[in-house]
file query.cif (mmCIF, C-alpha atoms)
data_query
loop_
_atom_site.label_atom_id
_atom_site.label_comp_id
_atom_site.auth_asym_id
_atom_site.auth_seq_id
_atom_site.Cartn_x
_atom_site.Cartn_y
_atom_site.Cartn_z
CA MET A 1 136.47 -92.59 24.38
CA MET A 2 140.14 -93.05 23.48
CA SER A 3 140.03 -96.78 24.26
CA ARG A 4 136.96 -97.20 22.02
CA GLU A 5 138.71 -95.39 19.17
CA MET A 6 141.80 -97.54 19.62
CA LYS A 7 139.64 -100.68 19.60
CA ALA A 8 137.89 -99.56 16.40
CA GLY A 9 141.26 -98.78 14.83
CA GLY A 10 142.51 -102.22 15.83
CA LYS A 11 139.54 -103.88 14.11
CA LEU A 12 140.17 -101.85 10.96
CA VAL A 13 143.83 -102.91 10.88
CA ALA A 14 142.82 -106.53 11.51
CA SER A 15 140.26 -106.41 8.69
CA ILE A 16 142.79 -104.96 6.26
CA ALA A 17 145.28 -107.64 7.30
CA ALA A 18 142.73 -110.39 6.58
CA LEU A 19 142.00 -108.88 3.15
CA VAL A 20 145.72 -108.74 2.34
CA ALA A 21 146.10 -112.37 3.42
CA GLY A 22 143.33 -113.43 1.03
CA LEU A 23 144.85 -111.49 -1.86
CA ALA A 24 148.26 -113.02 -1.13
CA TYR A 25 146.82 -116.53 -1.27
CA GLY A 26 145.15 -115.67 -4.58
CA LEU A 27 148.44 -114.46 -6.03
CA GLY A 28 150.15 -117.53 -4.58
CA GLY A 29 147.95 -119.84 -6.64
CA THR A 30 148.86 -118.00 -9.84
CA PHE A 31 152.57 -117.93 -9.01
CA ASN A 32 152.49 -121.65 -8.17
CA LYS A 33 151.05 -122.39 -11.61
CA MET A 34 153.84 -120.33 -13.16
CA VAL A 35 156.54 -122.19 -11.20
CA ALA A 36 154.96 -125.59 -11.93
CA THR A 37 155.09 -124.94 -15.69
CA THR A 38 158.90 -124.95 -15.45
CA GLY A 39 158.80 -128.67 -14.66
CA PHE A 40 158.96 -128.87 -10.86
CA ALA A 41 156.76 -131.33 -8.96
CA VAL A 42 153.94 -130.05 -6.76
CA GLY A 43 155.35 -131.60 -3.57
CA HIS A 44 158.82 -130.19 -4.22
CA ILE A 45 157.48 -126.66 -4.69
CA ALA A 46 155.53 -126.92 -1.43
CA ILE A 47 158.54 -128.19 0.54
CA GLU A 48 160.88 -125.53 -0.77
CA GLN A 49 158.45 -122.68 -0.13
CA PHE A 50 157.97 -123.75 3.49
CA LEU A 51 161.68 -124.37 4.08
CA ILE A 52 162.72 -121.00 2.63
CA ALA A 53 159.99 -119.26 4.64
CA SER A 54 161.22 -121.01 7.79
CA ILE A 55 164.81 -119.91 7.20
CA ILE A 56 163.85 -116.28 6.51
CA LEU A 57 161.59 -116.12 9.55
CA ALA A 58 164.10 -117.86 11.83
CA VAL A 59 166.75 -115.24 11.05
CA VAL A 60 164.32 -112.33 11.44
CA THR A 61 162.75 -113.53 14.69
CA LEU A 62 166.03 -114.45 16.35
CA VAL A 63 167.43 -111.01 15.57
CA ALA A 64 164.24 -109.17 16.54
CA TYR A 65 163.17 -111.13 19.64
CA ARG A 66 166.15 -113.31 20.67
CA ARG A 67 163.85 -115.86 22.21
CA VAL A 68 161.52 -118.71 21.33
CA PRO A 69 158.13 -119.52 22.85
CA ALA A 70 157.67 -122.36 25.33
CA LEU A 71 157.91 -125.86 23.84
CA ASP A 72 154.18 -126.56 24.13
CA VAL A 73 153.38 -123.31 22.30
CA CYS A 74 155.85 -124.20 19.54
CA LEU A 75 154.30 -127.64 19.13
CA ARG A 76 150.75 -126.28 19.03
CA LEU A 77 151.72 -123.73 16.38
CA MET A 78 153.47 -126.41 14.34
CA GLY A 79 150.33 -128.56 14.63
CA THR A 80 148.31 -125.65 13.26
CA GLY A 81 150.89 -125.21 10.51
CA ALA A 82 150.41 -128.86 9.60
CA PHE A 83 146.89 -127.96 8.44
CA LEU A 84 148.37 -125.15 6.33
CA GLY A 85 150.81 -127.59 4.76
CA ALA A 86 148.02 -130.08 4.05
CA THR A 87 145.91 -127.29 2.54
CA THR A 88 148.73 -126.31 0.21
CA LEU A 89 149.30 -129.89 -0.95
CA PHE A 90 145.60 -130.69 -1.40
CA LEU A 91 145.07 -127.55 -3.48
CA TYR A 92 148.12 -128.08 -5.68
CA TYR A 93 147.22 -131.73 -6.33
CA ALA A 94 143.55 -130.83 -6.94
CA ILE A 95 144.57 -128.31 -9.58
CA ALA A 96 146.53 -131.10 -11.30
CA GLU A 97 143.30 -133.16 -11.57
CA LEU A 98 140.75 -130.37 -12.16
CA SER A 99 140.67 -127.00 -13.78
CA VAL A 100 141.76 -124.20 -11.49
CA GLY A 101 138.18 -122.87 -11.48
CA GLN A 102 136.70 -126.16 -10.32
CA ALA A 103 139.29 -126.63 -7.58
CA VAL A 104 138.90 -123.09 -6.26
CA ALA A 105 135.10 -123.28 -6.31
CA ILE A 106 135.13 -126.36 -4.11
CA GLN A 107 137.92 -125.05 -1.89
CA PHE A 108 135.84 -121.94 -1.21
CA GLN A 109 133.45 -124.00 0.86
CA TYR A 110 135.83 -123.18 3.71
CA VAL A 111 133.77 -120.00 4.24
CA TRP A 112 130.77 -121.87 5.67
CA ILE A 113 132.80 -124.78 7.09
CA THR A 114 134.79 -122.36 9.27
CA LEU A 115 131.55 -120.81 10.49
CA ALA A 116 130.20 -124.30 11.25
CA ILE A 117 133.33 -125.24 13.21
CA GLN A 118 133.09 -122.01 15.20
CA CYS A 119 129.42 -122.69 15.99
CA VAL A 120 129.97 -126.30 17.09
CA VAL A 121 133.09 -125.73 19.17
CA GLU A 122 132.01 -122.46 20.79
CA ARG A 123 128.31 -123.40 20.96
CA LYS A 124 127.01 -120.14 19.61
CA ARG A 125 125.11 -119.14 16.51
CA PRO A 126 126.89 -116.95 13.97
CA ASN A 127 125.67 -113.45 13.22
CA GLY A 128 122.92 -113.56 10.59
CA TRP A 129 124.70 -111.03 8.41
CA VAL A 130 127.89 -113.07 8.43
CA VAL A 131 125.93 -116.16 7.32
CA LEU A 132 124.23 -114.19 4.54
CA CYS A 133 127.55 -112.79 3.35
CA ALA A 134 129.06 -116.29 3.42
CA LEU A 135 126.22 -117.56 1.20
CA VAL A 136 126.72 -114.67 -1.22
CA ILE A 137 130.44 -115.44 -1.35
CA ILE A 138 129.79 -119.14 -2.01
CA VAL A 139 127.45 -118.32 -4.92
CA GLY A 140 129.97 -115.79 -6.16
CA SER A 141 132.75 -118.38 -6.01
CA LEU A 142 130.82 -120.73 -8.31
CA MET A 143 130.56 -117.92 -10.86
CA GLY A 144 133.87 -116.17 -10.24
CA SER A 145 135.89 -119.39 -10.50
CA GLY A 146 134.52 -120.21 -13.94
CA LEU A 147 132.73 -123.36 -12.72
CA ALA A 148 129.34 -121.94 -13.71
CA ASP A 149 130.62 -121.38 -17.25
CA GLU A 150 131.79 -124.99 -17.44
CA ILE A 151 128.40 -126.30 -16.23
CA VAL A 152 126.62 -124.22 -18.86
CA ALA A 153 129.04 -125.39 -21.55
CA GLY A 154 128.83 -129.14 -20.96
CA GLY A 155 128.06 -130.23 -17.42
CA LEU A 156 130.41 -132.02 -15.03
CA ASN A 157 130.38 -135.53 -16.50
CA ASN A 158 134.12 -135.58 -17.08
CA VAL A 159 135.19 -134.16 -13.73
CA SER A 160 137.76 -136.22 -11.84
CA VAL A 161 136.37 -137.75 -8.63
CA THR A 162 139.89 -137.76 -7.20
CA GLY A 163 140.20 -134.06 -7.91
CA LEU A 164 136.86 -133.34 -6.25
CA LEU A 165 137.91 -135.23 -3.12
CA LEU A 166 141.27 -133.43 -2.99
CA ALA A 167 139.60 -130.02 -3.34
CA ALA A 168 137.07 -130.92 -0.64
CA ALA A 169 139.89 -132.05 1.65
CA CYS A 170 141.64 -128.74 0.96
CA SER A 171 138.50 -126.87 2.03
CA VAL A 172 138.20 -128.79 5.32
CA SER A 173 141.92 -128.49 6.08
CA TYR A 174 141.95 -124.74 5.45
CA SER A 175 138.86 -124.30 7.63
CA CYS A 176 140.63 -126.08 10.49
CA PHE A 177 143.70 -123.92 9.96
CA LEU A 178 141.71 -120.67 10.04
CA TYR A 179 139.88 -121.65 13.21
CA LEU A 180 142.98 -122.89 15.06
CA ASN A 181 144.98 -119.91 13.88
CA SER A 182 142.48 -117.63 15.60
CA LYS A 183 142.88 -119.54 18.89
CA ILE A 184 146.46 -120.79 19.24
CA ALA A 185 149.10 -118.49 20.79
CA VAL A 186 147.55 -115.31 19.39
CA GLU A 187 149.55 -113.32 21.96
CA GLU A 188 152.82 -114.22 20.25
CA PRO A 189 154.27 -111.82 17.63
CA PRO A 190 152.94 -112.64 14.13
CA LEU A 191 156.45 -113.23 12.75
CA MET A 192 157.20 -115.68 15.56
CA ARG A 193 153.93 -117.51 15.02
CA THR A 194 154.50 -117.71 11.27
CA LEU A 195 157.93 -119.30 11.80
CA PHE A 196 156.42 -122.31 13.57
CA LEU A 197 153.44 -122.45 11.20
CA ALA A 198 155.92 -122.69 8.32
CA LEU A 199 157.89 -125.42 10.13
CA GLY A 200 154.69 -127.42 10.61
CA GLY A 201 153.85 -126.97 6.94
CA ALA A 202 157.35 -128.10 5.94
CA VAL A 203 156.98 -131.31 7.98
CA VAL A 204 153.70 -132.26 6.27
CA ALA A 205 155.01 -131.36 2.81
CA SER A 206 158.15 -133.45 3.47
CA ILE A 207 156.05 -136.49 4.37
CA ALA A 208 154.20 -136.17 1.06
CA ALA A 209 157.36 -135.85 -1.07
CA PRO A 210 160.36 -137.39 0.76
CA ASP A 211 162.29 -137.81 -2.50
CA PHE A 212 162.95 -134.06 -2.32
CA TYR A 213 165.83 -134.92 0.03
CA THR A 214 167.27 -137.72 -2.11
CA GLY A 215 168.20 -135.71 -5.17
CA ALA A 216 164.90 -135.97 -7.09
CA CYS A 217 164.60 -132.17 -7.13
CA ASP A 218 167.06 -129.54 -8.37
CA VAL A 219 166.89 -127.55 -5.16
CA VAL A 220 169.15 -124.74 -6.37
CA ALA A 221 167.20 -124.21 -9.61
CA LEU A 222 163.97 -124.04 -7.61
CA ILE A 223 165.25 -121.33 -5.24
CA PRO A 224 163.88 -118.32 -7.22
CA GLY A 225 160.43 -119.87 -7.47
CA GLY A 226 160.62 -121.15 -3.90
CA MET A 227 161.57 -117.69 -2.64
CA LEU A 228 158.64 -116.12 -4.46
CA MET A 229 156.21 -118.72 -3.13
CA ALA A 230 157.65 -118.45 0.40
CA LEU A 231 157.07 -114.70 0.57
CA VAL A 232 153.69 -114.57 -1.20
CA ALA A 233 152.06 -117.84 -0.12
CA VAL A 234 153.50 -118.30 3.39
CA VAL A 235 155.13 -115.29 5.06
CA LEU A 236 152.80 -112.46 3.97
CA PRO A 237 149.43 -114.23 4.43
CA CYS A 238 150.38 -115.97 7.69
CA VAL A 239 151.71 -112.76 9.26
CA CYS A 240 148.57 -110.93 8.18
CA LEU A 241 146.34 -113.72 9.51
CA GLY A 242 148.23 -113.54 12.79
CA LEU A 243 147.40 -109.84 13.03
CA ALA A 244 143.76 -110.41 12.07
CA SER A 245 143.28 -113.30 14.50
CA ARG A 246 144.20 -111.14 17.48
CA THR A 247 141.02 -109.12 17.06
CA LEU A 248 138.55 -110.89 14.78
CA PRO A 249 136.73 -114.24 15.18
CA GLY A 250 137.64 -117.07 12.83
CA GLY A 251 134.31 -116.92 10.99
CA LEU A 252 134.73 -113.26 10.05
CA VAL A 253 138.36 -113.84 9.04
CA ALA A 254 137.13 -116.60 6.71
CA VAL A 255 134.67 -114.18 5.09
CA LEU A 256 137.24 -111.42 4.65
CA THR A 257 139.89 -113.72 3.14
CA ALA A 258 137.39 -114.68 0.43
CA ASP A 259 138.97 -111.94 -1.69
CA GLU A 260 141.44 -114.72 -2.56
CA LEU A 261 139.33 -115.62 -5.61
CA PRO A 262 139.16 -112.10 -7.11
CA GLY A 263 142.93 -111.89 -6.57
CA ALA A 264 143.46 -115.22 -8.33
CA VAL A 265 141.13 -114.32 -11.21
CA PHE A 266 142.72 -110.98 -11.99
CA SER A 267 146.32 -112.12 -11.44
CA GLY A 268 145.62 -115.10 -13.72
CA TRP A 269 144.27 -112.71 -16.33
CA LEU A 270 147.26 -110.34 -16.06
CA LEU A 271 150.07 -112.91 -15.71
CA LEU A 272 148.76 -116.04 -17.40
CA GLY A 273 146.35 -114.65 -19.97
CA GLU A 274 143.39 -116.61 -18.58
CA ALA A 275 139.98 -115.58 -19.91
CA ILE A 276 137.47 -113.60 -17.86
CA THR A 277 133.84 -114.20 -18.83
CA PRO A 278 130.76 -112.16 -17.85
CA LEU A 279 129.74 -114.82 -15.28
CA ILE A 280 133.19 -114.63 -13.72
CA ILE A 281 132.89 -110.85 -13.42
CA VAL A 282 129.45 -111.20 -11.79
CA GLY A 283 130.87 -113.74 -9.35
CA VAL A 284 133.78 -111.50 -8.40
CA VAL A 285 131.38 -108.59 -7.84
CA LEU A 286 129.23 -110.79 -5.57
CA ILE A 287 132.26 -111.83 -3.52
CA CYS A 288 133.44 -108.24 -3.13
CA ALA A 289 129.90 -107.20 -2.17
CA GLY A 290 129.76 -109.93 0.47
CA ILE A 291 133.06 -108.76 1.96
CA VAL A 292 132.04 -105.09 1.96
CA VAL A 293 128.62 -105.78 3.53
CA SER A 294 130.16 -108.02 6.19
CA GLU A 295 132.72 -105.40 7.13
CA ALA A 296 130.21 -102.53 7.06
CA LYS A 297 127.77 -104.48 9.24
CA GLY A 298 130.58 -105.25 11.68
CA LYS A 299 131.41 -101.56 11.99
CA LEU A 300 127.72 -100.72 12.53
CA VAL A 301 127.45 -103.27 15.33
CA SER A 302 130.63 -101.91 16.96
CA ALA A 303 129.26 -98.38 16.76
CA ARG A 304 125.99 -99.43 18.40
CA GLU A 305 127.88 -101.24 21.16
CA ALA A 306 129.89 -98.09 21.78
CA VAL A 307 126.74 -95.98 22.00
CA ASP A 308 125.06 -98.48 24.32
CA GLY A 309 128.14 -98.60 26.50
CA SER A 310 128.19 -94.82 26.88
CA ASN A 311 124.55 -94.68 27.98
#

call {"tool": "encode", "arguments": {"input": "query.cif", "output": "structure tokens"}}
result
Amino acid sequence: MMSREMKAGGKLVASIAALVAGLAYGLGGTFNKMVATTGFAVGHIAIEQFLIASIILAVVTLVAYRRVPALDVCLRLMGTGAFLGATTLFLYYAIAELSVGQAVAIQFQYVWITLAIQCVVERKRPNGWVVLCALVIIVGSLMGSGLADEIVAGGLNNVSVTGLLLAAACSVSYSCFLYLNSKIAVEEPPLMRTLFLALGGAVVASIAAPDFYTGACDVVALIPGGMLMALVAVVLPCVCLGLASRTLPGGLVAVLTADELPGAVFSGWLLLGEAITPLIIVGVVLICAGIVVSEAKGKLVSAREAVDGSN
């Protein structure tokens, strides 16, 4: 009985961690827009946030654990972090070409793409409720991002094809990151894992904007914004995803982190003064409903398994 209660408690903690990760990513998008308005290039912001996160985590992990994982584990985590770095760059560049609503709506396709990756690689069908919740979240993202309002207002004739491709690439990259993050070195402490994820992200961001190291960026002036982005968009969500991935499958983590959009919508409203329309509110409600139903169904299945196991 005690082990079952501990297992249920572990799933609850993992679910909360996934929700916090999604909210952190939503806030990260808003904070990035705030930092970018001060004149810093997208690539430079991404590099600095990953480098500062790496430095913070290196100090913390060396003091706390006084060890590093085996070389192959480090390399696999950095490879996973490369997808996180690519996701960050694709999203930031997509927002430069599209409205934030359009970019986020397309990026949110990661919900079903992650489920598809899990099905293909593991050769098993996803739970029907998870699929239904994913569909609800996708519909909600079209409304909650403001894309539905834009379609009603004038269609998508003037949408940048480059922006659409960047947002789609962001969705695929983030899906790969979520799946790999649930499989690679999950036994390592979340802080340790996040250190090497951040290093992998820094490598990819550096490839995209090498002029960061040749004086094209005022590194010192970017430190406050880089520190904020490092904590909100790298350290907090990656640590929380590390906790969630120890217990939950990648598909469910993808569903739970869909609260990123409500976080982005409301933080944009509070901090940037962005408008919230009735369709956006309906979309946010749908996303929240999808998350709640998914989590409630998961608890019901766990309870049934416990009862069956005791009989």

call {"tool": "residues_near_point", "arguments": {"input": "query.cif", "point": "(148.9, -110.1, 7.3)", "cutoff": "12 Å", "atoms": "only C-alpha atoms", "output": "number ranges by chain"}}
result
A: 13-25, 189-191, 193-194, 231-246, 253, 257

call {"tool": "closest_residue", "arguments": {"input": "query.cif", "among": "A:Leu180, A:Met192, A:Ala82, A:Leu286", "to": "Ala64 of chain A", "atoms": "only C-alpha atoms"}}
result
A:Met192

call {"tool": "resolve_selection", "arguments": {"input": "query.cif", "expression": "the PyMOL selection byres ((chain A and resi 106) around 8)", "output": "PyMOL selection string"}}
result
chain A and resi 102-105+107-109+164+167-168+171

call {"tool": "write_last_selection", "arguments": {"input": "query.cif", "atoms": "C-alpha atoms", "output": "short mmCIF file (atom, residue, chain, number, x, y, z; two decimals), in the coordinates of the input"}}
result
data_model
loop_
_atom_site.label_atom_id
_atom_site.label_comp_id
_atom_site.auth_asym_id
_atom_site.auth_seq_id
_atom_site.Cartn_x
_atom_site.Cartn_y
_atom_site.Cartn_z
CA GLN A 102 136.70 -126.16 -10.32
CA ALA A 103 139.29 -126.63 -7.58
CA VAL A 104 138.90 -123.09 -6.26
CA ALA A 105 135.10 -123.28 -6.31
CA GLN A 107 137.92 -125.05 -1.89
CA PHE A 108 135.84 -121.94 -1.21
CA GLN A 109 133.45 -124.00 0.86
CA LEU A 164 136.86 -133.34 -6.25
CA ALA A 167 139.60 -130.02 -3.34
CA ALA A 168 137.07 -130.92 -0.64
CA SER A 171 138.50 -126.87 2.03
#

call {"tool": "closest_residue", "arguments": {"input": "query.cif", "among": "A:Leu222, A:Ile281, A:Cys133, A:Cys170", "to": "Leu91 of chain A", "atoms": "all atoms listed in the file"}}
result
A:Cys170

call {"tool": "closest_atom_pairs", "arguments": {"input": "query.cif", "of": "segment 174-289 of chain A", "to": "segment 38-60 of chain A", "cutoff": "7 Å", "atoms": "only C-alpha atoms", "output": "Markdown table"}}
result
| residue | atom | partner | partner_atom | distance |
| --- | --- | --- | --- | --- |
| A:Leu191 | CA | A:Leu57 | CA | 6.7 |
| A:Leu195 | CA | A:Leu57 | CA | 5.3 |
| A:Ala198 | CA | A:Phe50 | CA | 5.4 |
| A:Leu199 | CA | A:Ser54 | CA | 6.0 |
| A:Gly201 | CA | A:Phe50 | CA | 6.3 |
| A:Ala202 | CA | A:Phe50 | CA | 5.0 |
| A:Ala205 | CA | A:Ile47 | CA | 5.3 |
| A:Ser206 | CA | A:Ile47 | CA | 6.0 |
| A:Ala208 | CA | A:Gly43 | CA | 6.6 |
| A:Ala209 | CA | A:Gly43 | CA | 5.3 |
| A:Phe212 | CA | A:His44 | CA | 6.0 |
| A:Cys217 | CA | A:His44 | CA | 6.8 |
| A:Gly226 | CA | A:Gln49 | CA | 4.6 |
| A:Met227 | CA | A:Ile52 | CA | 6.3 |
| A:Met229 | CA | A:Gln49 | CA | 5.4 |
| A:Ala230 | CA | A:Gln49 | CA | 4.3 |
| A:Leu231 | CA | A:Ala53 | CA | 6.8 |
| A:Val234 | CA | A:Ala53 | CA | 6.7 |
| A:Val235 | CA | A:Ala53 | CA | 6.3 |
